[in-house]
>>> print(open('coords00.cif').read())   # mmCIF, C-alpha atoms
data_entry
#
loop_
_atom_site.label_atom_id
_atom_site.label_comp_id
_atom_site.auth_asym_id
_atom_site.auth_seq_id
_atom_site.Cartn_x
_atom_site.Cartn_y
_atom_site.Cartn_z
CA MET A 1 -21.02 43.05 33.15
CA ASN A 2 -21.62 41.88 36.67
CA ALA A 3 -21.23 38.34 38.01
CA LEU A 4 -24.94 37.56 37.64
CA GLU A 5 -25.00 38.49 33.95
CA ALA A 6 -21.85 36.53 33.29
CA SER A 7 -23.24 33.37 34.88
CA GLN A 8 -26.42 33.62 32.78
CA GLU A 9 -24.51 33.77 29.47
CA GLU A 10 -24.67 30.66 27.31
CA VAL A 11 -21.35 28.85 27.19
CA LYS A 12 -20.59 27.68 23.64
CA PRO A 13 -17.42 25.62 23.41
CA ASP A 14 -15.83 25.61 19.94
CA MET A 15 -16.27 22.06 18.67
CA THR A 16 -14.43 22.58 15.37
CA PRO A 17 -10.90 21.58 16.45
CA MET A 18 -12.23 18.51 18.23
CA ILE A 19 -14.20 17.36 15.18
CA ASP A 20 -11.16 18.01 12.98
CA CYS A 21 -8.99 15.92 15.26
CA VAL A 22 -11.51 13.10 15.30
CA PHE A 23 -11.68 13.10 11.50
CA LEU A 24 -7.91 13.06 11.22
CA MET A 25 -7.71 10.15 13.64
CA ILE A 26 -10.39 8.22 11.74
CA ILE A 27 -8.52 8.72 8.46
CA PHE A 28 -5.24 7.77 10.13
CA PHE A 29 -6.58 4.49 11.50
CA ILE A 30 -8.32 3.62 8.23
CA CYS A 31 -5.04 4.16 6.39
CA ILE A 32 -3.11 2.07 8.89
CA ASP A 33 -5.52 -0.80 8.43
CA PHE A 34 -5.68 -0.68 4.65
CA LYS A 35 -2.01 -0.13 4.03
CA VAL A 36 -0.93 -3.69 4.65
CA LEU A 37 2.73 -4.00 3.90
CA GLU A 38 3.48 -6.37 1.09
CA SER A 39 6.66 -8.36 1.05
CA LYS A 40 8.38 -10.21 -1.73
CA LEU A 41 10.05 -13.50 -2.26
CA PRO A 42 12.73 -13.20 -4.93
CA ALA A 43 12.99 -16.24 -7.17
CA TYR A 44 15.79 -16.34 -9.69
CA LEU A 45 14.94 -18.47 -12.67
CA GLY A 46 17.32 -20.46 -14.80
CA LYS A 47 19.20 -18.28 -17.27
CA ASP A 48 19.91 -21.11 -19.67
CA LYS A 49 16.39 -22.13 -20.73
CA GLY A 50 16.08 -22.93 -24.38
CA SER A 51 19.82 -23.07 -24.82
CA GLN A 52 20.20 -26.80 -24.98
CA TYR A 53 23.69 -26.63 -26.43
CA PHE A 54 25.18 -25.24 -23.25
CA LYS A 55 26.98 -27.43 -20.81
CA VAL A 56 25.50 -26.99 -17.36
CA GLU A 57 27.18 -28.50 -14.35
CA PRO A 58 24.84 -30.54 -12.15
CA MET A 59 24.22 -28.81 -8.85
CA GLU A 60 23.45 -30.41 -5.53
CA GLN A 61 20.22 -29.09 -4.07
CA LEU A 62 17.65 -30.03 -1.48
CA SER A 63 14.31 -31.07 -2.86
CA ILE A 64 11.15 -30.16 -0.95
CA LYS A 65 8.06 -31.75 -2.41
CA ILE A 66 4.47 -30.74 -1.62
CA TYR A 67 1.62 -33.14 -2.34
CA SER A 68 -2.08 -32.51 -1.97
CA ASP A 69 -3.57 -34.92 0.58
CA VAL A 70 -7.09 -33.54 0.79
CA ALA A 71 -8.21 -31.18 -1.97
CA GLY A 72 -10.51 -29.13 0.27
CA THR A 73 -13.88 -27.52 -0.38
CA PRO A 74 -14.20 -23.99 -1.73
CA GLU A 75 -16.71 -21.92 0.24
CA TYR A 76 -18.19 -18.91 -1.51
CA PRO A 77 -20.05 -16.02 0.15
CA PRO A 78 -23.72 -16.86 0.94
CA GLY A 79 -25.83 -17.04 -2.20
CA LYS A 80 -22.83 -16.98 -4.52
CA THR A 81 -21.43 -19.75 -6.68
CA LYS A 82 -18.25 -20.20 -8.67
CA ALA A 83 -20.00 -18.62 -11.66
CA SER A 84 -21.08 -15.47 -9.77
CA ILE A 85 -19.40 -12.23 -10.80
CA ASN A 86 -18.99 -9.32 -8.42
CA GLU A 87 -20.65 -6.39 -10.17
CA ASN A 88 -18.41 -3.85 -8.47
CA THR A 89 -15.10 -5.42 -9.40
CA LEU A 90 -16.22 -7.44 -12.45
CA ARG A 91 -14.20 -10.32 -11.05
CA PRO A 92 -15.44 -13.70 -9.77
CA TYR A 93 -16.30 -13.91 -6.10
CA ARG A 94 -13.51 -15.11 -3.88
CA PHE A 95 -13.76 -18.45 -2.11
CA VAL A 96 -12.17 -19.70 1.07
CA LEU A 97 -10.75 -23.19 0.85
CA LYS A 98 -11.80 -25.32 3.80
CA GLY A 99 -10.29 -28.63 4.83
CA HIS A 100 -7.36 -28.46 2.44
CA ARG A 101 -4.43 -30.55 3.61
CA VAL A 102 -1.00 -31.23 2.18
CA ARG A 103 1.93 -33.47 3.01
CA TYR A 104 5.60 -32.88 2.39
CA GLU A 105 8.81 -34.61 1.51
CA VAL A 106 12.07 -32.98 2.51
CA GLY A 107 14.71 -34.94 0.66
CA PRO A 108 13.53 -38.53 1.09
CA LYS A 109 11.79 -37.86 4.42
CA PRO A 110 7.98 -37.71 4.45
CA LEU A 111 6.48 -35.12 6.81
CA THR A 112 2.95 -34.02 7.60
CA SER A 113 3.13 -30.60 9.26
CA ILE A 114 4.82 -27.29 8.56
CA LYS A 115 6.41 -27.44 12.03
CA GLU A 116 8.11 -30.74 11.14
CA VAL A 117 9.31 -29.26 7.85
CA THR A 118 10.74 -26.20 9.61
CA ASP A 119 12.58 -28.38 12.15
CA GLU A 120 13.93 -30.67 9.43
CA LEU A 121 15.11 -27.73 7.33
CA LYS A 122 16.84 -26.18 10.33
CA ARG A 123 18.56 -29.48 11.04
CA ILE A 124 19.71 -29.80 7.43
CA ALA A 125 20.88 -26.18 7.28
CA VAL A 126 23.40 -26.65 10.10
CA ALA A 127 24.65 -30.04 8.93
CA PRO A 128 28.20 -29.84 7.45
CA GLU A 129 27.24 -32.09 4.53
CA SER A 130 24.72 -29.44 3.38
CA GLN A 131 27.56 -27.12 2.43
CA VAL A 132 28.38 -27.04 -1.26
CA LYS A 133 31.00 -25.26 -3.34
CA ASP A 134 30.21 -21.64 -4.14
CA GLU A 135 31.12 -21.13 -7.79
CA LYS A 136 31.26 -17.35 -7.41
CA THR A 137 33.53 -17.05 -4.40
CA GLY A 138 35.22 -20.44 -4.46
CA GLY A 139 34.25 -20.95 -0.82
CA ARG A 140 31.43 -22.98 0.70
CA LYS A 141 27.75 -22.12 0.97
CA LEU A 142 24.49 -23.74 2.02
CA MET A 143 23.04 -25.78 -0.81
CA PRO A 144 20.06 -24.31 -2.64
CA CYS A 145 16.62 -25.83 -2.19
CA VAL A 146 13.96 -26.42 -4.79
CA ILE A 147 10.27 -26.44 -3.92
CA GLU A 148 8.30 -28.81 -6.11
CA ALA A 149 4.58 -28.32 -5.78
CA TYR A 150 2.48 -31.16 -7.17
CA PRO A 151 -1.01 -30.81 -8.70
CA GLY A 152 -3.67 -29.68 -6.26
CA THR A 153 -1.34 -27.50 -4.20
CA TYR A 154 -1.84 -23.80 -3.77
CA TYR A 155 0.26 -20.66 -3.53
CA GLU A 156 -0.40 -20.65 0.23
CA ASP A 157 1.22 -24.10 0.58
CA VAL A 158 4.29 -23.05 -1.39
CA SER A 159 4.70 -19.72 0.39
CA LYS A 160 4.61 -21.43 3.79
CA ILE A 161 7.43 -23.74 2.73
CA ALA A 162 9.41 -20.85 1.26
CA ASP A 163 8.96 -19.00 4.54
CA ALA A 164 10.15 -22.03 6.51
CA ALA A 165 13.18 -22.40 4.22
CA HIS A 166 14.02 -18.75 4.69
CA ASP A 167 13.66 -19.14 8.45
CA ALA A 168 16.04 -22.11 8.38
CA GLY A 169 18.67 -20.03 6.59
CA PHE A 170 18.32 -21.12 2.96
CA GLN A 171 19.18 -18.16 0.77
CA GLU A 172 18.71 -19.74 -2.63
CA ILE A 173 15.15 -20.98 -3.08
CA ASN A 174 14.12 -22.28 -6.48
CA PHE A 175 10.75 -23.42 -7.73
CA GLY A 176 9.73 -26.35 -9.81
CA GLY A 177 6.55 -25.27 -11.51
CA GLY A 178 4.16 -26.17 -14.25
CA LEU A 179 3.43 -29.64 -12.98
CA GLY A 180 -0.07 -29.41 -14.39
CA PRO A 181 -3.54 -28.68 -13.08
CA ALA A 182 -5.34 -30.77 -10.50
CA GLY A 183 -8.58 -30.86 -12.44
CA GLN A 184 -10.91 -28.62 -14.36
CA PRO A 185 -10.16 -24.91 -14.08
CA ARG A 186 -12.25 -23.16 -11.45
CA ARG A 187 -14.24 -20.08 -12.15
CA MET B 188 -13.45 53.57 19.42
CA ASP B 189 -12.17 55.66 16.54
CA VAL B 190 -10.73 54.40 13.24
CA LYS B 191 -7.16 55.04 14.35
CA THR B 192 -7.56 52.77 17.36
CA ILE B 193 -9.09 49.99 15.28
CA ALA B 194 -6.29 50.19 12.71
CA SER B 195 -3.64 49.91 15.39
CA GLN B 196 -5.21 46.80 16.91
CA ASN B 197 -3.67 43.41 16.17
CA ILE B 198 -5.96 41.28 14.07
CA ASP B 199 -5.55 37.61 15.03
CA VAL B 200 -6.59 35.35 12.21
CA ASP B 201 -7.38 31.81 13.42
CA MET B 202 -5.28 29.58 11.17
CA THR B 203 -6.33 26.27 12.75
CA PRO B 204 -9.30 25.41 10.49
CA MET B 205 -7.31 26.29 7.40
CA ILE B 206 -4.38 24.09 8.43
CA ASP B 207 -6.81 21.28 9.28
CA CYS B 208 -8.43 21.56 5.88
CA VAL B 209 -5.06 21.55 4.13
CA PHE B 210 -4.02 18.42 6.02
CA LEU B 211 -7.28 16.66 5.20
CA LEU B 212 -6.94 17.57 1.53
CA MET B 213 -3.34 16.36 1.49
CA ILE B 214 -4.28 13.01 3.02
CA PHE B 215 -7.18 12.67 0.62
CA PHE B 216 -5.04 13.29 -2.46
CA VAL B 217 -2.21 11.09 -1.24
CA LEU B 218 -4.68 8.23 -0.90
CA VAL B 219 -6.54 8.88 -4.12
CA ILE B 220 -3.51 9.53 -6.33
CA ASP B 221 -1.56 6.51 -5.24
CA LEU B 222 -0.50 5.54 -8.73
CA SER B 223 1.59 2.64 -7.55
CA GLN B 224 -1.60 0.84 -6.52
CA LYS B 225 -3.35 1.08 -9.87
CA ASN B 226 -2.07 -2.24 -11.17
CA LEU B 227 -2.92 -4.15 -8.04
CA GLU B 228 -5.95 -6.42 -8.04
CA ASP B 229 -7.81 -6.96 -4.80
CA LEU B 230 -6.25 -10.26 -3.76
CA ILE B 231 -5.58 -11.94 -0.46
CA LEU B 232 -1.90 -12.72 -0.47
CA PRO B 233 -0.38 -15.46 1.68
CA ARG B 234 1.19 -14.24 4.90
CA ALA B 235 4.94 -14.60 5.23
CA VAL B 236 7.09 -13.80 8.23
CA PHE B 237 10.66 -14.11 6.99
CA GLN B 238 10.52 -12.44 3.58
CA GLU B 239 11.90 -9.04 2.69
CA PRO B 240 9.46 -6.11 2.81
CA ASP B 241 8.57 -4.52 -0.51
CA GLU B 242 8.99 -1.00 0.84
CA THR B 243 10.51 0.76 -2.15
CA PRO B 244 9.20 -1.03 -5.23
CA PRO B 245 10.81 0.06 -8.50
CA GLU B 246 8.46 2.20 -10.58
CA ASN B 247 9.16 0.29 -13.77
CA ARG B 248 8.43 -3.15 -12.31
CA PRO B 249 5.72 -4.98 -14.26
CA ILE B 250 3.04 -6.51 -12.02
CA ILE B 251 1.12 -9.61 -13.04
CA ASN B 252 -1.96 -10.50 -11.01
CA VAL B 253 -3.35 -14.02 -10.84
CA LEU B 254 -6.89 -14.56 -9.56
CA GLN B 255 -8.05 -17.64 -7.68
CA ASN B 256 -9.30 -19.31 -10.84
CA GLY B 257 -5.98 -18.73 -12.63
CA THR B 258 -7.04 -15.67 -14.64
CA VAL B 259 -3.97 -13.58 -15.43
CA ILE B 260 -4.51 -9.82 -15.29
CA TYR B 261 -2.10 -7.13 -16.37
CA ASN B 262 -2.98 -3.44 -16.10
CA ARG B 263 -6.59 -4.36 -15.23
CA GLU B 264 -6.98 -6.33 -18.44
CA VAL B 265 -7.44 -10.07 -18.66
CA ALA B 266 -4.57 -11.62 -20.57
CA TYR B 267 -5.32 -15.27 -19.91
CA ASP B 268 -8.57 -16.89 -18.85
CA PRO B 269 -8.34 -20.61 -18.01
CA LEU B 270 -11.96 -21.15 -18.97
CA LYS B 271 -11.36 -19.69 -22.41
CA HIS B 272 -7.76 -20.68 -23.10
CA GLY B 273 -7.50 -23.90 -21.07
CA THR B 274 -3.98 -25.30 -21.31
CA ASP B 275 -3.07 -23.02 -24.19
CA TYR B 276 -0.62 -20.75 -22.38
CA ARG B 277 0.41 -18.75 -25.42
CA PRO B 278 -1.47 -15.61 -24.24
CA ILE B 279 0.75 -15.56 -21.14
CA LYS B 280 3.88 -15.82 -23.26
CA GLN B 281 2.58 -13.13 -25.64
CA LEU B 282 1.82 -10.87 -22.67
CA LEU B 283 5.36 -11.26 -21.37
CA ILE B 284 6.84 -10.62 -24.81
CA ASP B 285 4.70 -7.45 -25.09
CA ILE B 286 5.80 -6.28 -21.63
CA ARG B 287 9.42 -6.86 -22.60
CA ARG B 288 9.10 -5.07 -25.94
CA GLU B 289 7.28 -2.08 -24.44
CA GLY B 290 9.75 -1.88 -21.56
CA LEU B 291 12.73 -1.88 -23.89
CA ILE B 292 11.20 0.75 -26.19
CA LYS B 293 10.32 3.01 -23.25
CA LYS B 294 13.66 2.20 -21.60
CA THR B 295 11.94 1.16 -18.39
CA LEU B 296 13.57 -2.27 -18.65
CA THR B 297 17.23 -2.96 -19.26
CA LEU B 298 18.95 -5.83 -21.01
CA LYS B 299 22.07 -7.42 -19.63
CA GLY B 300 24.33 -9.80 -21.46
CA GLU B 301 25.53 -12.79 -19.49
CA VAL B 302 27.94 -15.45 -20.66
CA ILE B 303 26.54 -18.92 -20.03
CA GLY B 304 28.34 -21.95 -21.38
CA GLY B 305 30.52 -19.78 -23.60
CA LYS B 306 27.58 -17.98 -25.21
CA THR B 307 26.21 -14.54 -24.42
CA VAL B 308 22.56 -14.61 -23.39
CA MET B 309 20.58 -11.35 -23.21
CA LEU B 310 18.46 -11.19 -20.06
CA ILE B 311 16.10 -8.60 -18.62
CA ASP B 312 17.89 -7.31 -15.57
CA ASP B 313 14.79 -5.90 -13.86
CA PRO B 314 12.35 -7.83 -11.71
CA ILE B 315 8.79 -8.78 -12.51
CA LEU B 316 6.27 -9.17 -9.69
CA ILE B 317 3.70 -11.96 -9.59
CA ARG B 318 0.79 -11.31 -7.25
CA ALA B 319 -1.50 -14.26 -6.71
CA ASP B 320 -4.29 -15.05 -4.30
CA LYS B 321 -3.35 -17.46 -1.52
CA TRP B 322 -5.84 -19.98 -2.91
CA THR B 323 -4.56 -19.84 -6.47
CA GLU B 324 -3.42 -23.23 -7.68
CA TRP B 325 0.37 -23.20 -7.86
CA HIS B 326 0.60 -24.54 -11.38
CA TYR B 327 -0.74 -21.22 -12.75
CA ILE B 328 2.10 -19.36 -11.05
CA GLY B 329 4.54 -22.07 -12.11
CA GLU B 330 3.38 -21.62 -15.70
CA ILE B 331 4.04 -17.87 -15.60
CA MET B 332 7.50 -18.54 -14.17
CA LYS B 333 8.12 -21.09 -16.89
CA GLN B 334 7.15 -18.59 -19.57
CA CYS B 335 9.32 -15.92 -17.92
CA SER B 336 12.37 -18.12 -18.32
CA GLN B 337 11.85 -18.67 -22.04
CA PRO B 338 14.65 -17.11 -24.15
CA GLU B 339 12.25 -14.78 -26.02
CA VAL B 340 11.06 -13.38 -22.70
CA ALA B 341 14.10 -13.80 -20.42
CA PHE B 342 12.76 -12.29 -17.22
CA TRP B 343 14.96 -14.15 -14.79
CA LYS B 344 14.31 -12.02 -11.70
CA VAL B 345 10.85 -12.99 -10.55
CA GLU B 346 9.37 -11.76 -7.30
CA LEU B 347 6.40 -13.37 -5.61
CA ALA B 348 4.19 -11.04 -3.61
CA LEU B 349 3.44 -11.95 -0.03
CA SER B 350 1.83 -10.04 2.77
CA ASP B 351 2.39 -8.92 6.30
CA LYS B 352 -1.18 -9.82 7.13
CA ASP B 353 -3.57 -12.57 6.07
CA LYS B 354 -6.73 -10.63 5.35
CA GLU B 355 -8.74 -13.86 5.32
CA THR B 356 -7.86 -14.95 8.84
CA ASN B 357 -6.74 -11.50 10.07
CA GLU B 358 -3.46 -12.99 11.27
CA ARG B 359 -0.73 -10.39 11.25
CA ASN B 360 3.01 -10.67 11.69
CA PRO B 361 4.36 -9.35 14.96
CA ARG B 362 5.68 -5.82 14.57
CA LYS B 363 9.41 -5.77 14.04
CA VAL B 364 11.23 -3.86 16.75
CA ALA B 365 13.87 -1.50 15.42
CA LYS B 366 17.33 -2.40 16.65
#
>>> encode(input="coords00.cif", output="structure tokens")
Amino acid sequence: MNALEASQEEVKPDMTPMIDCVFLMIIFFICIDFKVLESKLPAYLGKDKGSQYFKVEPMEQLSIKIYSDVAGTPEYPPGKTKASINENTLRPYRFVLKGHRVRYEVGPKPLTSIKEVTDELKRIAVAPESQVKDEKTGGRKLMPCVIEAYPGTYYEDVSKIADAAHDAGFQEINFGGGLGPAGQPRR
Amino acid sequence: MDVKTIASQNIDVDMTPMIDCVFLLMIFFVLVIDLSQKNLEDLILPRAVFQEPDETPPENRPIINVLQNGTVIYNREVAYDPLKHGTDYRPIKQLLIDIRREGLIKKTLTLKGEVIGGKTVMLIDDPILIRADKWTEWHYIGEIMKQCSQPEVAFWKVELALSDKDKETNERNPRKVAK
């Protein structure tokens, strides 16, 4: 084969490995996006429920109350209502709550933003009077806190406060629940 | 070229496409047969920064899903519907009792005796996970927690599911740098 013949030959690069790599990368990035890491907030419930004959020592704890200020408006996808059912999942369509606002009370102190709550919790966490007796070790520990969510508050509101409490250094976070619905159940 | 020459030649088999196919198949099956995801409803969990990652969830952990309207779903089946049951929360309690009974029979849950006030109380020593949408009213979750703490149920280790990313607002926690 001389140089002329060689130059006239059709050059066919093998595209297979490149396509394979592209597919692998697509799958990789899809997986990365979908595999959102879930985290957990451990909540230890009272062990003595229903056992009213037991003597339980009163325990000092910090109360964090959440009240609904503005209920907010649920916004459904266009053309959908609260009664619409997604045919693919057989579940109701999801709404996004707009304009929902809450206010807080950390101990007796009323607060309006999550930033204020975080700052207040951090201040309380380092205060010497926040240390209580640790029954297990006999030493001292930071007092537990209890989050009391009032009607009209959502999981989002509670989780933000739990996150702030964790950030401030509170290890023992309890929940006061079952304070009743805000209104008619939503569909 | 005679037969002897051909036989002595090295035959190079291109393994690349086969390896590629095997990798693609592996990824496909890993994604499809992710059994740990089968009990998870498609919910948007609240984003949390300072909680512990749920990296190695126990296989036996029961998972209760709560939709935005308060519907409680376990293993893809509706256990409590607020429109149907209203404030009658007995289906939730019954669900928890059934989970407990099944777990004890199958030995996926363990009982632990704890002395409280001079009396031994039998508690489930394994956690239960509550997954709720970020816009689920708290009192539904509070009600499940209340039922969990009843003596007939006695799940005292409750875990609330949170997320690394808010899929509604697309806010994501900053990546943690390994120390």
>>> atom_distance(input="coords00.cif", atom1="atom CA of B:Leu227", atom2="atom CA of A:Phe170")
29.3 Å
>>> closest_residue(input="coords00.cif", among="A:Pro92, A:Val106, A:Thr16, A:Phe28", to="B:Asn256", atoms="only C-alpha atoms")
A:Pro92
>>> residues_near_point(input="coords00.cif", point="(-1.6, -20.9, -11.1)", cutoff="9 Å", atoms="all atoms listed in the file", output="ChimeraX atom specification")
/A:154-155,178,181 /B:253-259,319,323-331
>>> atom_distance(input="coords00.cif", atom1="atom CA of A:Met25", atom2="atom CA of B:Ile214")
11.5 Å
>>> closest_residue(input="coords00.cif", among="A:Tyr44, A:Glu129, A:Ser68, A:Asp14", to="A:Asn174", atoms="only C-alpha atoms")
A:Tyr44
>>> resolve_selection(input="coords00.cif", expression="the PyMOL selection byres ((chain A and resi 18-23) around 12)", output="PyMOL selection string")
(chain A and resi 13-17+24-30) or (chain B and resi 203-212+214-215)
>>> residues_near_point(input="coords00.cif", point="(3.4, -24.6, -3.4)", cutoff="12 Å", atoms="only C-alpha atoms", output="PyMOL selection string")
(chain A and resi 64-68+102-104+146-163+174-179) or (chain B and resi 233+319+321-329+347)
>>> resolve_selection(input="coords00.cif", expression="the PyMOL selection byres ((chain B and resi 334) around 10)", output="number ranges by chain")
A: 49, 178; B: 276-277, 279-284, 328-333, 335-342
>>> axis_aligned_box(input="coords00.cif", around="stretch 130-149 of chain A", padding_each_side="4 Å", output="lines of an AutoDock Vina configuration file")
center_x = 19.9
center_y = -23.2
center_z = -2.2
size_x = 38.6
size_y = 20.4
size_z = 19.2
>>> atom_distance(input="coords00.cif", atom1="atom CA of B:Lys299", atom2="atom CA of B:Ile311")
6.2 Å
>>> closest_residue(input="coords00.cif", among="A:Ser39, A:Gln131, A:Thr89, A:Gln171", to="chain B", atoms="only C-alpha atoms")
A:Ser39
>>> closest_residue(input="coords00.cif", among="B:Pro249, B:Pro278, B:Gly290, B:Gly305", to="chain A", atoms="all atoms listed in the file")
B:Gly305
>>> resolve_selection(input="coords00.cif", expression="the PyMOL selection byres ((chain B and resi 344) around 7)", output="NGL selection string")
(:A and (43-45)) or (:B and (313-315 or 342-343 or 345-346))
>>> closest_residue(input="coords00.cif", among="A:Arg101, A:Lys141, A:Lys115, A:Arg91", to="A:Asp69", atoms="all atoms listed in the file")
A:Arg101
